[in-house]
Every structure is written in structure tokens, then in C-alpha cells.
$ cat coords-v7.cif   # mmCIF, C-alpha atoms
data_target
#
loop_
_atom_site.label_atom_id
_atom_site.label_comp_id
_atom_site.auth_asym_id
_atom_site.auth_seq_id
_atom_site.Cartn_x
_atom_site.Cartn_y
_atom_site.Cartn_z
CA MET A 1 -26.93 -5.84 30.35
CA ARG A 2 -24.06 -3.37 30.41
CA LYS A 3 -22.98 -2.09 26.98
CA VAL A 4 -19.33 -1.28 26.32
CA TYR A 5 -18.16 0.16 23.00
CA LEU A 6 -14.50 -0.67 22.30
CA ASP A 7 -14.52 -0.24 18.51
CA HIS A 8 -13.71 3.45 18.13
CA ALA A 9 -11.31 2.74 15.26
CA SER A 10 -14.36 1.77 13.20
CA GLY A 11 -16.13 5.00 14.11
CA THR A 12 -16.62 7.27 17.09
CA PRO A 13 -19.89 8.65 18.43
CA ILE A 14 -20.57 12.27 17.49
CA HIS A 15 -19.58 14.71 20.23
CA PRO A 16 -22.70 16.50 21.59
CA LYS A 17 -21.17 19.90 20.75
CA VAL A 18 -20.49 18.71 17.20
CA ARG A 19 -24.08 17.58 16.78
CA GLU A 20 -25.32 20.92 18.12
CA GLU A 21 -23.09 22.79 15.65
CA MET A 22 -24.39 20.70 12.74
CA LEU A 23 -28.13 20.98 13.42
CA PRO A 24 -28.76 24.42 11.84
CA TYR A 25 -27.21 23.14 8.59
CA LEU A 26 -29.69 20.27 8.55
CA LYS A 27 -32.61 22.70 8.93
CA GLU A 28 -32.67 26.43 8.22
CA VAL A 29 -29.20 26.92 6.66
CA PHE A 30 -29.77 24.86 3.52
CA GLY A 31 -28.37 27.06 0.73
CA ASN A 32 -25.89 25.85 -1.88
CA PRO A 33 -22.46 27.29 -0.97
CA SER A 34 -21.81 28.14 -4.64
CA SER A 35 -24.87 30.42 -4.81
CA LEU A 36 -24.34 34.18 -4.56
CA HIS A 37 -27.44 34.93 -2.49
CA GLN A 38 -27.40 35.14 1.29
CA PHE A 39 -28.66 31.57 1.75
CA GLY A 40 -25.68 30.24 -0.17
CA GLN A 41 -23.16 32.61 1.34
CA GLU A 42 -24.14 31.65 4.88
CA ALA A 43 -23.33 28.03 4.01
CA ALA A 44 -20.09 29.07 2.28
CA SER A 45 -19.00 30.99 5.38
CA ALA A 46 -19.61 27.91 7.52
CA ILE A 47 -17.37 25.84 5.23
CA GLU A 48 -14.55 28.36 5.50
CA LYS A 49 -14.88 28.43 9.30
CA ALA A 50 -14.57 24.63 9.31
CA ARG A 51 -11.55 24.86 7.01
CA ARG A 52 -9.84 27.10 9.55
CA GLY A 53 -10.69 24.65 12.33
CA VAL A 54 -9.17 21.67 10.50
CA ALA A 55 -6.09 23.68 9.53
CA GLY A 56 -5.59 24.73 13.15
CA LEU A 57 -5.65 21.13 14.34
CA ILE A 58 -2.78 20.05 12.07
CA GLY A 59 -0.72 23.25 11.80
CA ALA A 60 -1.69 24.01 8.21
CA GLU A 61 -3.01 27.04 6.35
CA PRO A 62 -6.77 27.04 5.62
CA GLU A 63 -6.18 27.18 1.85
CA GLU A 64 -4.21 23.92 2.16
CA ILE A 65 -7.31 21.95 3.24
CA ILE A 66 -9.41 20.12 0.63
CA PHE A 67 -12.62 18.58 1.96
CA THR A 68 -13.46 15.00 0.95
CA ALA A 69 -16.09 12.42 1.90
CA SER A 70 -13.70 10.17 3.85
CA GLY A 71 -10.12 9.30 4.69
CA SER A 72 -10.21 6.62 2.00
CA GLU A 73 -11.15 9.22 -0.60
CA ALA A 74 -8.35 11.49 0.61
CA ASN A 75 -5.86 8.62 0.22
CA ASN A 76 -7.09 7.87 -3.30
CA PHE A 77 -6.95 11.56 -4.14
CA ALA A 78 -3.38 11.93 -2.89
CA LEU A 79 -1.90 8.88 -4.60
CA LYS A 80 -3.64 9.20 -7.94
CA GLY A 81 -3.79 12.98 -8.09
CA ILE A 82 -0.13 13.62 -7.33
CA THR A 83 1.29 10.81 -9.46
CA LEU A 84 -0.78 11.77 -12.49
CA ALA A 85 0.10 15.44 -12.12
CA HIS A 86 3.85 14.73 -11.90
CA GLN A 87 4.34 11.65 -14.06
CA LYS A 88 6.61 13.52 -16.46
CA ARG A 89 9.19 13.58 -13.63
CA GLY A 90 8.97 9.83 -13.10
CA LYS A 91 6.62 6.91 -12.64
CA HIS A 92 7.80 5.26 -9.41
CA ILE A 93 6.11 5.41 -6.01
CA ILE A 94 6.88 3.82 -2.63
CA VAL A 95 4.37 2.61 -0.03
CA SER A 96 4.66 0.35 3.00
CA SER A 97 3.22 -3.16 3.09
CA ILE A 98 0.90 -2.33 6.00
CA GLU A 99 -0.94 0.65 4.52
CA HIS A 100 -4.72 0.89 4.57
CA PHE A 101 -6.32 -0.74 1.53
CA SER A 102 -7.31 2.67 0.16
CA VAL A 103 -3.58 3.25 -0.33
CA LEU A 104 -2.65 -0.29 -1.39
CA HIS A 105 -5.50 -0.62 -3.88
CA SER A 106 -4.70 2.82 -5.30
CA ALA A 107 -1.11 1.65 -5.74
CA LYS A 108 -2.33 -1.47 -7.58
CA THR A 109 -4.40 0.71 -9.88
CA LEU A 110 -1.38 2.90 -10.58
CA GLU A 111 0.57 -0.22 -11.53
CA LYS A 112 -2.13 -0.98 -14.11
CA TRP A 113 -1.67 2.57 -15.40
CA GLY A 114 2.03 2.00 -15.99
CA PHE A 115 3.58 3.14 -12.71
CA LYS A 116 6.09 1.08 -10.77
CA VAL A 117 5.36 0.55 -7.07
CA THR A 118 7.76 -0.57 -4.33
CA TYR A 119 6.09 -2.16 -1.28
CA LEU A 120 8.41 -1.74 1.70
CA PRO A 121 8.60 -4.42 4.40
CA VAL A 122 8.24 -3.60 8.10
CA ASP A 123 9.82 -5.07 11.23
CA GLN A 124 8.11 -7.23 13.87
CA TYR A 125 6.48 -4.15 15.39
CA GLY A 126 5.28 -2.74 12.08
CA LEU A 127 7.93 -0.02 11.86
CA VAL A 128 9.18 1.26 8.51
CA ASP A 129 12.96 1.73 8.41
CA PRO A 130 13.88 5.19 7.01
CA LEU A 131 17.07 3.70 5.53
CA LYS A 132 15.00 1.24 3.50
CA VAL A 133 12.97 4.15 2.19
CA ALA A 134 16.18 5.88 1.13
CA ARG A 135 17.50 2.75 -0.60
CA ALA A 136 14.21 2.20 -2.44
CA MET A 137 14.15 5.64 -4.04
CA THR A 138 15.35 6.07 -7.62
CA GLU A 139 15.59 8.91 -10.11
CA GLU A 140 12.05 7.96 -11.16
CA THR A 141 10.51 8.22 -7.67
CA ILE A 142 7.88 10.97 -7.40
CA LEU A 143 5.87 9.98 -4.31
CA VAL A 144 6.35 8.15 -0.99
CA SER A 145 3.28 7.27 1.11
CA ILE A 146 3.76 5.95 4.66
CA MET A 147 0.95 5.97 7.22
CA HIS A 148 1.42 8.02 10.39
CA ALA A 149 0.21 5.13 12.55
CA ASN A 150 -1.25 1.74 11.79
CA ASN A 151 -4.95 1.54 12.57
CA GLU A 152 -4.79 -2.18 13.45
CA ILE A 153 -1.71 -2.68 15.63
CA GLY A 154 -1.27 0.92 16.79
CA THR A 155 2.39 1.42 15.84
CA ILE A 156 3.35 5.06 15.22
CA GLU A 157 5.78 5.43 12.34
CA PRO A 158 8.95 7.62 12.40
CA ILE A 159 7.47 10.06 9.89
CA GLU A 160 9.84 12.93 10.69
CA GLU A 161 12.89 10.73 10.05
CA ILE A 162 11.40 9.34 6.86
CA SER A 163 10.56 12.85 5.72
CA ARG A 164 14.18 13.92 5.98
CA VAL A 165 15.41 11.17 3.66
CA VAL A 166 12.53 11.76 1.24
CA LYS A 167 13.19 15.51 1.09
CA GLU A 168 16.85 14.95 0.31
CA ARG A 169 15.67 13.51 -3.01
CA LYS A 170 13.01 16.21 -3.52
CA VAL A 171 10.26 13.61 -3.63
CA TYR A 172 6.67 14.30 -2.51
CA PHE A 173 5.64 12.71 0.79
CA HIS A 174 2.10 11.68 1.78
CA THR A 175 0.97 10.25 5.10
CA ASP A 176 -2.33 8.61 5.96
CA ALA A 177 -3.05 10.18 9.36
CA VAL A 178 -6.60 8.91 9.76
CA ALA A 179 -5.57 6.94 12.86
CA THR A 180 -3.74 9.85 14.50
CA THR A 181 -5.47 13.13 13.62
CA GLY A 182 -7.38 14.35 16.66
CA ILE A 183 -5.90 11.54 18.76
CA ILE A 184 -2.29 12.64 19.22
CA PRO A 185 -0.67 16.02 18.51
CA LEU A 186 0.57 16.44 14.96
CA ASP A 187 1.90 19.33 12.93
CA VAL A 188 2.38 19.02 9.17
CA GLY A 189 5.37 21.34 9.33
CA LYS A 190 7.19 19.28 11.96
CA LEU A 191 6.26 16.01 10.26
CA GLY A 192 7.62 17.36 6.99
CA VAL A 193 4.81 15.97 4.84
CA ASP A 194 3.43 17.42 1.62
CA CYS A 195 -0.03 15.90 1.98
CA LEU A 196 -1.97 14.22 4.77
CA SER A 197 -5.30 12.39 4.95
CA LEU A 198 -7.75 12.61 7.86
CA SER A 199 -11.32 11.60 8.72
CA ALA A 200 -13.85 13.19 11.07
CA ASP A 201 -15.32 9.94 12.36
CA GLN A 202 -12.08 9.07 14.13
CA PHE A 203 -12.31 12.05 16.51
CA TYR A 204 -16.01 12.40 17.34
CA GLY A 205 -17.11 14.04 14.11
CA PRO A 206 -19.66 12.78 11.58
CA LYS A 207 -19.18 9.96 9.11
CA GLY A 208 -18.85 11.01 5.48
CA ALA A 209 -16.53 13.92 6.15
CA GLY A 210 -12.75 13.91 5.63
CA ALA A 211 -10.00 16.11 4.30
CA LEU A 212 -6.73 16.14 2.43
CA PHE A 213 -4.00 18.55 3.45
CA LEU A 214 -2.04 19.57 0.35
CA ARG A 215 0.94 21.85 0.81
CA LYS A 216 0.58 25.15 -0.98
CA GLY A 217 2.03 25.17 -4.49
CA ILE A 218 1.86 21.40 -5.15
CA ARG A 219 -0.04 20.43 -8.28
CA ILE A 220 -2.66 17.68 -8.09
CA MET A 221 -5.06 16.32 -10.66
CA PRO A 222 -8.73 16.89 -9.75
CA PHE A 223 -10.37 13.90 -8.08
CA LEU A 224 -13.85 14.75 -9.36
CA GLU A 225 -14.45 16.99 -12.35
CA GLY A 226 -17.34 19.19 -13.42
CA GLY A 227 -17.56 21.84 -10.72
CA ILE A 228 -15.74 24.75 -9.10
CA GLN A 229 -15.89 23.40 -5.55
CA GLU A 230 -12.60 23.11 -3.60
CA GLU A 231 -10.85 25.29 -6.18
CA GLY A 232 -11.95 22.95 -8.96
CA ARG A 233 -10.10 19.99 -7.43
CA ARG A 234 -13.08 18.13 -5.99
CA ALA A 235 -16.32 18.87 -7.84
CA GLY A 236 -19.77 18.37 -6.34
CA THR A 237 -22.06 20.24 -3.97
CA GLU A 238 -20.44 20.23 -0.56
CA ASN A 239 -21.73 18.19 2.38
CA VAL A 240 -22.18 21.32 4.49
CA PRO A 241 -23.44 19.65 7.71
CA GLY A 242 -20.64 17.08 7.56
CA ILE A 243 -17.96 19.69 6.92
CA VAL A 244 -19.29 21.87 9.74
CA GLY A 245 -19.16 18.84 12.03
CA LEU A 246 -15.60 18.06 10.97
CA GLY A 247 -14.54 21.63 11.72
CA LYS A 248 -16.12 21.62 15.17
CA ALA A 249 -14.68 18.18 15.98
CA ALA A 250 -11.24 19.51 15.01
CA GLU A 251 -11.61 22.51 17.32
CA LEU A 252 -12.67 20.30 20.23
CA ALA A 253 -9.88 17.80 19.60
CA ARG A 254 -7.34 20.59 19.71
CA GLU A 255 -8.75 21.93 22.99
CA GLU A 256 -9.25 18.58 24.74
CA MET A 257 -6.43 16.48 23.27
CA GLU A 258 -4.12 16.25 26.27
CA GLU A 259 -6.95 15.45 28.67
CA ARG A 260 -8.28 12.79 26.28
CA ARG A 261 -4.81 11.33 25.71
CA LYS A 262 -4.08 10.89 29.43
CA HIS A 263 -7.42 9.19 29.94
CA LEU A 264 -6.90 6.81 27.00
CA VAL A 265 -3.34 5.92 28.03
CA SER A 266 -4.46 4.94 31.53
CA LEU A 267 -7.17 2.63 30.14
CA ARG A 268 -4.87 1.22 27.46
CA ASP A 269 -2.08 0.46 29.92
CA LYS A 270 -4.45 -1.27 32.34
CA LEU A 271 -5.77 -3.47 29.53
CA MET A 272 -2.28 -4.25 28.22
CA THR A 273 -1.11 -5.18 31.72
CA GLN A 274 -4.09 -7.28 32.76
CA LEU A 275 -4.93 -9.21 29.59
CA PRO A 276 -1.70 -11.33 29.51
CA ARG A 277 -2.17 -12.12 33.21
CA ARG A 278 -5.68 -13.44 32.65
CA ILE A 279 -5.34 -15.18 29.27
CA LYS A 280 -2.65 -17.69 28.43
CA ASN A 281 -1.04 -17.81 24.98
CA LEU A 282 -1.82 -14.16 24.30
CA ARG A 283 0.51 -11.73 22.51
CA ILE A 284 0.15 -7.96 22.31
CA ASP A 285 0.95 -6.51 18.91
CA GLY A 286 2.49 -3.20 17.90
CA HIS A 287 5.46 -1.23 19.16
CA PRO A 288 5.74 -1.21 22.98
CA GLU A 289 6.53 2.52 23.12
CA MET A 290 5.60 4.21 19.84
CA HIS A 291 1.98 3.21 20.19
CA LEU A 292 -1.40 4.92 19.81
CA PRO A 293 -3.01 5.79 23.16
CA ASN A 294 -6.35 4.24 22.17
CA ASN A 295 -5.20 0.93 20.66
CA VAL A 296 -4.84 -2.57 22.12
CA HIS A 297 -4.39 -5.34 19.56
CA VAL A 298 -3.91 -8.94 20.66
CA CYS A 299 -3.64 -12.39 19.13
CA ILE A 300 -4.75 -15.45 21.10
CA GLU A 301 -3.78 -19.00 20.23
CA PHE A 302 -6.23 -21.83 19.61
CA ILE A 303 -9.35 -19.71 19.08
CA GLU A 304 -10.80 -17.70 16.20
CA GLY A 305 -11.31 -13.97 16.47
CA GLU A 306 -14.85 -14.13 15.06
CA SER A 307 -15.90 -16.55 17.80
CA MET A 308 -14.49 -14.21 20.44
CA LEU A 309 -16.26 -11.24 18.86
CA MET A 310 -19.62 -13.03 18.98
CA LEU A 311 -19.04 -14.03 22.60
CA LEU A 312 -18.12 -10.47 23.54
CA ASP A 313 -21.13 -9.10 21.67
CA SER A 314 -23.42 -11.46 23.58
CA GLN A 315 -22.10 -9.79 26.74
CA GLY A 316 -22.68 -6.29 25.38
CA ILE A 317 -19.06 -5.60 24.39
CA ALA A 318 -18.27 -4.27 20.92
CA ALA A 319 -14.77 -4.87 19.56
CA SER A 320 -13.31 -5.86 16.17
CA SER A 321 -10.83 -8.27 14.66
CA GLY A 322 -8.88 -5.60 12.78
CA SER A 323 -9.63 -2.87 10.28
CA ALA A 324 -13.33 -2.20 9.74
CA CYS A 325 -12.64 -2.32 6.00
CA THR A 326 -11.40 -5.92 6.18
CA SER A 327 -12.91 -7.54 9.28
CA ARG A 328 -15.96 -8.87 7.39
CA ALA A 329 -13.74 -10.56 4.79
CA LEU A 330 -12.66 -13.25 7.30
CA LYS A 331 -9.16 -13.24 5.84
CA VAL A 332 -5.84 -13.03 7.66
CA SER A 333 -4.88 -9.39 8.04
CA HIS A 334 -2.19 -8.22 5.63
CA VAL A 335 -0.77 -6.20 8.53
CA LEU A 336 -0.32 -9.27 10.73
CA GLU A 337 1.21 -11.17 7.82
CA ALA A 338 3.67 -8.30 7.28
CA ILE A 339 4.87 -8.35 10.90
CA GLY A 340 5.37 -12.11 10.80
CA VAL A 341 2.40 -13.39 12.80
CA PRO A 342 1.74 -17.06 11.84
CA ALA A 343 -1.52 -17.49 9.93
CA ALA A 344 -3.11 -19.71 12.59
CA LEU A 345 -2.35 -17.20 15.35
CA ALA A 346 -3.47 -14.27 13.22
CA GLN A 347 -6.94 -15.84 13.00
CA GLY A 348 -7.25 -15.23 16.74
CA SER A 349 -6.86 -11.46 16.58
CA LEU A 350 -8.84 -8.88 18.54
CA LEU A 351 -8.68 -5.11 18.41
CA PHE A 352 -9.91 -3.02 21.33
CA SER A 353 -9.96 0.64 20.32
CA LEU A 354 -10.75 2.96 23.19
CA GLY A 355 -12.57 6.27 23.35
CA MET A 356 -13.03 9.19 25.68
CA ASP A 357 -16.45 7.80 26.65
CA ASN A 358 -14.90 4.63 28.07
CA THR A 359 -14.35 4.28 31.80
CA GLU A 360 -12.23 2.15 34.08
CA GLU A 361 -15.42 0.26 34.93
CA ASP A 362 -15.74 -0.63 31.22
CA ILE A 363 -12.26 -2.16 31.29
CA ASP A 364 -13.05 -4.05 34.49
CA TYR A 365 -16.22 -5.42 32.88
CA LEU A 366 -14.24 -6.61 29.84
CA LEU A 367 -11.61 -8.25 32.04
#
$ encode --input "coords-v7.cif" --output "C-alpha cells"
Amino acid sequence: MRKVYLDHASGTPIHPKVREEMLPYLKEVFGNPSSLHQFGQEAASAIEKARRGVAGLIGAEPEEIIFTASGSEANNFALKGITLAHQKRGKHIIVSSIEHFSVLHSAKTLEKWGFKVTYLPVDQYGLVDPLKVARAMTEETILVSIMHANNEIGTIEPIEEISRVVKERKVYFHTDAVATTGIIPLDVGKLGVDCLSLSADQFYGPKGAGALFLRKGIRIMPFLEGGIQEEGRRAGTENVPGIVGLGKAAELAREEMEERRKHLVSLRDKLMTQLPRRIKNLRIDGHPEMHLPNNVHVCIEFIEGESMLMLLDSQGIAASSGSACTSRALKVSHVLEAIGVPAALAQGSLLFSLGMDNTEEDIDYLL
């Protein structure tokens, strides 16, 4: 049976060159990067090389990169670390209603800690209106967090426009760019963000490796305490193989991005064109133009997504019914609720997330 993997949003395979780069750090280069001897310093040098690779991918300075274990950790770090460090200025933050749960749950925790949170609505495509961001800000607002693109429906948010209204009020701006880093070009300077979250496993790097970009000069409370790693902001012996893999994946993404993007767009457009022709009562979600190149999200009437997933899996096709962090919960997606999809229709959701390993023959097999 043919096997087709269309669940890259849940995790991508490791690029062969990334795996090759990581192998020495799983064998002979085993020193602790905090040690002063040559074994440790070889590992420390590898971390700094990876830091430069990640910084180069997003237009940052190497010293602005803090390594984490995942995008979810980076989101937690940004929301809690910045709000706690700047709470004397105010105790109000703004997030959108379609953020990843690592942002939304962090916001709920901050509410328990005495912060006020505004959850912004989105339109039918999942877009955040910059004017609504401006209206929601108060003298107490210290942080706005809006994702760069939604990992379920693929809509790319107008981050540059939102940044301009946020900066007028001198408020810090975070974006969850897990769904976009390594997939589409991005530059933290052009976006105008103060901090940005990313994850290696979205662009052919290893699982368990992520990073937080934090603009130079911005204070943040340490996420983990008890060590000097990451300038004392994230204690614990570093995952050297994972960080090395993240750095190499970032270098390759930068080099191959345009070629990958063109390939993904051609597959995405074929799927978006053919699916409605072959299946009645099907709607395609997300913005028709500002859309990730690797994302096709649909809702089909009169059938449950889980049933379709099992049928597809029996034919060797891997897909998902939404975010990997929520698909096992068998609940209606908060993202689909936010864009106004009726609950019954939302139960029939499918997400096909494409990768550079997919071919036109894969799409034909699915169709």
C-alpha cells in the first residue's frame, strides 16, 4: 500500500543533512557546554553556531535567540516572562481568540495571577483587525500576542500593520511564528515584533528543540531558574544535539525556502481546486489569499472528521482534524468556533498539511 504523509503541521521528518549534522553530538561530542575543558567547549561552540543559524533565518542578532524545548515553551516563556517583568507598568494583555493553547492557557494562568486579558475576535477568515487591537489597548496594556499564522486554517495575520498600532502605544508585541518560521520568509525587523516563538520540528528539524527571539534590551523573567544557561534565563543543561539540528534546519530553510514554497503552493492549489469538485458540501477554511503554502483545511457536512481520518489511515494516508495538541480531545476546535463554523460542520474537519517530500502523485492518490 502506498503511504502518504499529509500531517506536517504535527511534525516534519528530519532532513537528512540535519540528521548528519546531529550525529556527532549523539556520539563523540558529549561534553557539557558549561564545562571549561575542550569537551565542553566543543559543545558550546556548536550551540553558538546554531544560534547564528537561527538568527540568520529570522533576521535577528545571535544574542537575541534563547533556546527552548519547543514552541509551546517559547510561548509560555514570552507571555509569563514579559508580563511578570513589566507588571509595574500595567497588568493588561491582549491575545486573539484563535491562538495556540500554549498562549491561551498562559493567558488564563495570568488571569489567575491578577492580570486582565482581552481576547480579540476574528473575522470569518480568522483575521485579526488591527483597529480592534488599537481599541482594546489601555494605559495598563503591557503585551500584545497575535500569532503570525494560524496552524489550523492557515490564515496569515497582518502582523506588520498590527505592530504599527502596538508600537504607537509603546507596548511589547509577541508573535507565535511556529507555523511560519522556515515555511515563508520572515524578518523580525520588518514584522516589528519584540519577541517571536519558533519550533524546529515544523521545518525538518528535530522534536524537542525550539527558540524564543527576544529583542535586545527587553527584560524577561527567567523561565527556569538554577543555572547560567542562556544568560541565566533558561536554566538546565542544553539539548546539544537538538539545538545543533535546529541550527542546521534553519540554515537549510533559508537556502531552500523559495524552492520549497513554490513546490508547496502548486500542491496546495491543486488540492484546493480539486477537492470541492469531487466532494459535495465541502468548504475550504482560511483566507483565500493570505494563506500558508502548506495548509489545506476543509469542513465536510454530514460526516465526522475522526471517521474520515480512520478511513484515510486505512488507505495509508496520514492527515489530522486540526491542531495536534487538540485533535485527540474530540472537541470542536476553538479556531473553527471563532470563525463562525457551526458546531455540526466543525465536527467534519480535516487538515492536510503538506511537506517538501510530498509529490503530485501523492495528491492524485488522495483525490
$ residues_around --input "coords-v7.cif" --residues "A:Gly205" --least-positions-apart "6" --cutoff "6 Å" --atoms "only C-alpha atoms" --output "JSON, numbers by chain"
{"A": [14, 245, 246, 249]}
$ write_last_selection --input "coords-v7.cif" --atoms "C-alpha atoms" --output "compact mmCIF listing (two decimals), in the coordinates of the input"
# COMPACT_ATOMS: atom_id res chain seq x y z
CA ILE A 14 -20.57 12.27 17.49
CA GLY A 245 -19.16 18.84 12.03
CA LEU A 246 -15.60 18.06 10.97
CA ALA A 249 -14.68 18.18 15.98
$ atom_distance --input "coords-v7.cif" --atom1 "atom CA of A:Arg164" --atom2 "atom CA of A:Cys195"
14.9 Å
$ residues_around --input "coords-v7.cif" --residues "A:Met356" --least-positions-apart "2" --cutoff "12 Å" --atoms "all atoms listed in the file" --output "short mmCIF file (atom, residue, chain, number, x, y, z; two decimals) with C-alpha atoms, in the coordinates of the input"
data_model
loop_
_atom_site.label_atom_id
_atom_site.label_comp_id
_atom_site.auth_asym_id
_atom_site.auth_seq_id
_atom_site.Cartn_x
_atom_site.Cartn_y
_atom_site.Cartn_z
CA TYR A 5 -18.16 0.16 23.00
CA LEU A 6 -14.50 -0.67 22.30
CA ASP A 7 -14.52 -0.24 18.51
CA HIS A 8 -13.71 3.45 18.13
CA THR A 12 -16.62 7.27 17.09
CA PRO A 13 -19.89 8.65 18.43
CA ILE A 14 -20.57 12.27 17.49
CA HIS A 15 -19.58 14.71 20.23
CA GLY A 182 -7.38 14.35 16.66
CA ILE A 183 -5.90 11.54 18.76
CA GLN A 202 -12.08 9.07 14.13
CA PHE A 203 -12.31 12.05 16.51
CA TYR A 204 -16.01 12.40 17.34
CA ALA A 253 -9.88 17.80 19.60
CA GLU A 256 -9.25 18.58 24.74
CA MET A 257 -6.43 16.48 23.27
CA GLU A 258 -4.12 16.25 26.27
CA GLU A 259 -6.95 15.45 28.67
CA ARG A 260 -8.28 12.79 26.28
CA ARG A 261 -4.81 11.33 25.71
CA LYS A 262 -4.08 10.89 29.43
CA HIS A 263 -7.42 9.19 29.94
CA LEU A 264 -6.90 6.81 27.00
CA VAL A 265 -3.34 5.92 28.03
CA SER A 266 -4.46 4.94 31.53
CA LEU A 267 -7.17 2.63 30.14
CA ARG A 268 -4.87 1.22 27.46
CA PRO A 293 -3.01 5.79 23.16
CA ASN A 294 -6.35 4.24 22.17
CA SER A 353 -9.96 0.64 20.32
CA LEU A 354 -10.75 2.96 23.19
CA ASN A 358 -14.90 4.63 28.07
CA THR A 359 -14.35 4.28 31.80
CA GLU A 360 -12.23 2.15 34.08
CA ASP A 362 -15.74 -0.63 31.22
#
$ resolve_selection --input "coords-v7.cif" --expression "the PyMOL selection byres ((chain A and resi 299) around 12)" --output "JSON, numbers by chain"
{"A": [152, 153, 275, 276, 279, 280, 281, 282, 283, 284, 285, 286, 296, 297, 298, 300, 301, 302, 303, 304, 305, 308, 321, 322, 332, 333, 336, 341, 342, 343, 344, 345, 346, 347, 348, 349, 350, 351, 352]}
$ write_last_selection --input "coords-v7.cif" --atoms "C-alpha atoms" --output "mmCIF file, in the frame of the given file"
data_model
loop_
_atom_site.group_PDB
_atom_site.id
_atom_site.type_symbol
_atom_site.label_atom_id
_atom_site.label_comp_id
_atom_site.auth_asym_id
_atom_site.auth_seq_id
_atom_site.Cartn_x
_atom_site.Cartn_y
_atom_site.Cartn_z
ATOM 1 C CA GLU A 152 -4.790 -2.180 13.450
ATOM 2 C CA ILE A 153 -1.710 -2.680 15.630
ATOM 3 C CA LEU A 275 -4.930 -9.210 29.590
ATOM 4 C CA PRO A 276 -1.700 -11.330 29.510
ATOM 5 C CA ILE A 279 -5.340 -15.180 29.270
ATOM 6 C CA LYS A 280 -2.650 -17.690 28.430
ATOM 7 C CA ASN A 281 -1.040 -17.810 24.980
ATOM 8 C CA LEU A 282 -1.820 -14.160 24.300
ATOM 9 C CA ARG A 283 0.510 -11.730 22.510
ATOM 10 C CA ILE A 284 0.150 -7.960 22.310
ATOM 11 C CA ASP A 285 0.950 -6.510 18.910
ATOM 12 C CA GLY A 286 2.490 -3.200 17.900
ATOM 13 C CA VAL A 296 -4.840 -2.570 22.120
ATOM 14 C CA HIS A 297 -4.390 -5.340 19.560
ATOM 15 C CA VAL A 298 -3.910 -8.940 20.660
ATOM 16 C CA ILE A 300 -4.750 -15.450 21.100
ATOM 17 C CA GLU A 301 -3.780 -19.000 20.230
ATOM 18 C CA PHE A 302 -6.230 -21.830 19.610
ATOM 19 C CA ILE A 303 -9.350 -19.710 19.080
ATOM 20 C CA GLU A 304 -10.800 -17.700 16.200
ATOM 21 C CA GLY A 305 -11.310 -13.970 16.470
ATOM 22 C CA MET A 308 -14.490 -14.210 20.440
ATOM 23 C CA SER A 321 -10.830 -8.270 14.660
ATOM 24 C CA GLY A 322 -8.880 -5.600 12.780
ATOM 25 C CA VAL A 332 -5.840 -13.030 7.660
ATOM 26 C CA SER A 333 -4.880 -9.390 8.040
ATOM 27 C CA LEU A 336 -0.320 -9.270 10.730
ATOM 28 C CA VAL A 341 2.400 -13.390 12.800
ATOM 29 C CA PRO A 342 1.740 -17.060 11.840
ATOM 30 C CA ALA A 343 -1.520 -17.490 9.930
ATOM 31 C CA ALA A 344 -3.110 -19.710 12.590
ATOM 32 C CA LEU A 345 -2.350 -17.200 15.350
ATOM 33 C CA ALA A 346 -3.470 -14.270 13.220
ATOM 34 C CA GLN A 347 -6.940 -15.840 13.000
ATOM 35 C CA GLY A 348 -7.250 -15.230 16.740
ATOM 36 C CA SER A 349 -6.860 -11.460 16.580
ATOM 37 C CA LEU A 350 -8.840 -8.880 18.540
ATOM 38 C CA LEU A 351 -8.680 -5.110 18.410
ATOM 39 C CA PHE A 352 -9.910 -3.020 21.330
#
$ residues_around --input "coords-v7.cif" --residues "A:Ser72" --least-positions-apart "6" --cutoff "9 Å" --atoms "all atoms listed in the file" --output "list of chain:residue names"
A:His100, A:Phe101, A:Ser102, A:Val103, A:Val178, A:Ser197, A:Leu198, A:Ser199, A:Gly210
$ axis_aligned_box --input "coords-v7.cif" --around "stretch 254-269 of chain A" --padding-each-side "5 Å" --output "AutoDock Vina command-line options"
--center_x -5.7 --center_y 11.2 --center_z 25.6 --size_x 17.2 --size_y 31.5 --size_z 21.8
$ resolve_selection --input "coords-v7.cif" --expression "the PyMOL selection byres ((chain A and resi 73-89) around 6)" --output "MDAnalysis selection string"
chainID A and resid 70:72 90:91 103 106 197 212 220:221 223
$ closest_atom_pairs --input "coords-v7.cif" --of "stretch 226-253 of chain A" --to "stretch 20-36 of chain A" --cutoff "9 Å" --atoms "only C-alpha atoms" --output "tab-separated table"
residue	atom	partner	partner_atom	distance
A:Ile228	CA	A:Ser34	CA	8.3
A:Gln229	CA	A:Ser34	CA	7.6
A:Thr237	CA	A:Asn32	CA	7.1
A:Glu238	CA	A:Pro33	CA	7.4
A:Val240	CA	A:Tyr25	CA	6.7
A:Pro241	CA	A:Tyr25	CA	5.2
A:Gly242	CA	A:Met22	CA	7.3
A:Ile243	CA	A:Met22	CA	8.7
A:Val244	CA	A:Met22	CA	6.0
A:Gly245	CA	A:Met22	CA	5.6
A:Lys248	CA	A:Glu21	CA	7.1
$ write_last_selection --input "coords-v7.cif" --atoms "C-alpha atoms" --output "CSV table (one decimal), in the frame of the given file"
chain,number,residue,atom,x,y,z
A,228,ILE,CA,-15.7,24.8,-9.1
A,229,GLN,CA,-15.9,23.4,-5.6
A,237,THR,CA,-22.1,20.2,-4.0
A,238,GLU,CA,-20.4,20.2,-0.6
A,240,VAL,CA,-22.2,21.3,4.5
A,241,PRO,CA,-23.4,19.6,7.7
A,242,GLY,CA,-20.6,17.1,7.6
A,243,ILE,CA,-18.0,19.7,6.9
A,244,VAL,CA,-19.3,21.9,9.7
A,245,GLY,CA,-19.2,18.8,12.0
A,248,LYS,CA,-16.1,21.6,15.2
$ closest_residue --input "coords-v7.cif" --among "A:Ala44, A:Leu196, A:Leu214, A:Leu120" --to "A:Glu61" --atoms "only C-alpha atoms"
A:Leu214
$ decode --input "coords-v7.cif" --residues "stretch 122-127 of chain A" --atoms "N, CA, C and O atoms" --output "compact mmCIF listing (two decimals), in the first residue's frame"
# COMPACT_ATOMS: atom_id res chain seq x y z
N VAL A 122 -12.05 37.38 15.73
CA VAL A 122 -11.50 37.39 14.37
C VAL A 122 -12.66 37.36 13.39
O VAL A 122 -13.80 37.10 13.76
N ASP A 123 -12.36 37.63 12.11
CA ASP A 123 -13.43 37.59 11.11
C ASP A 123 -13.61 36.16 10.59
O ASP A 123 -13.02 35.21 11.11
N GLN A 124 -14.42 36.00 9.55
CA GLN A 124 -14.75 34.67 9.03
C GLN A 124 -13.54 33.91 8.49
O GLN A 124 -13.58 32.68 8.35
N TYR A 125 -12.47 34.65 8.17
CA TYR A 125 -11.26 34.02 7.66
C TYR A 125 -10.22 33.79 8.75
O TYR A 125 -9.16 33.21 8.50
N GLY A 126 -10.50 34.30 9.95
CA GLY A 126 -9.54 34.18 11.04
C GLY A 126 -8.59 35.35 11.14
O GLY A 126 -7.59 35.28 11.87
N LEU A 127 -8.90 36.45 10.46
CA LEU A 127 -8.03 37.63 10.51
C LEU A 127 -8.32 38.49 11.74
O LEU A 127 -9.47 38.71 12.10
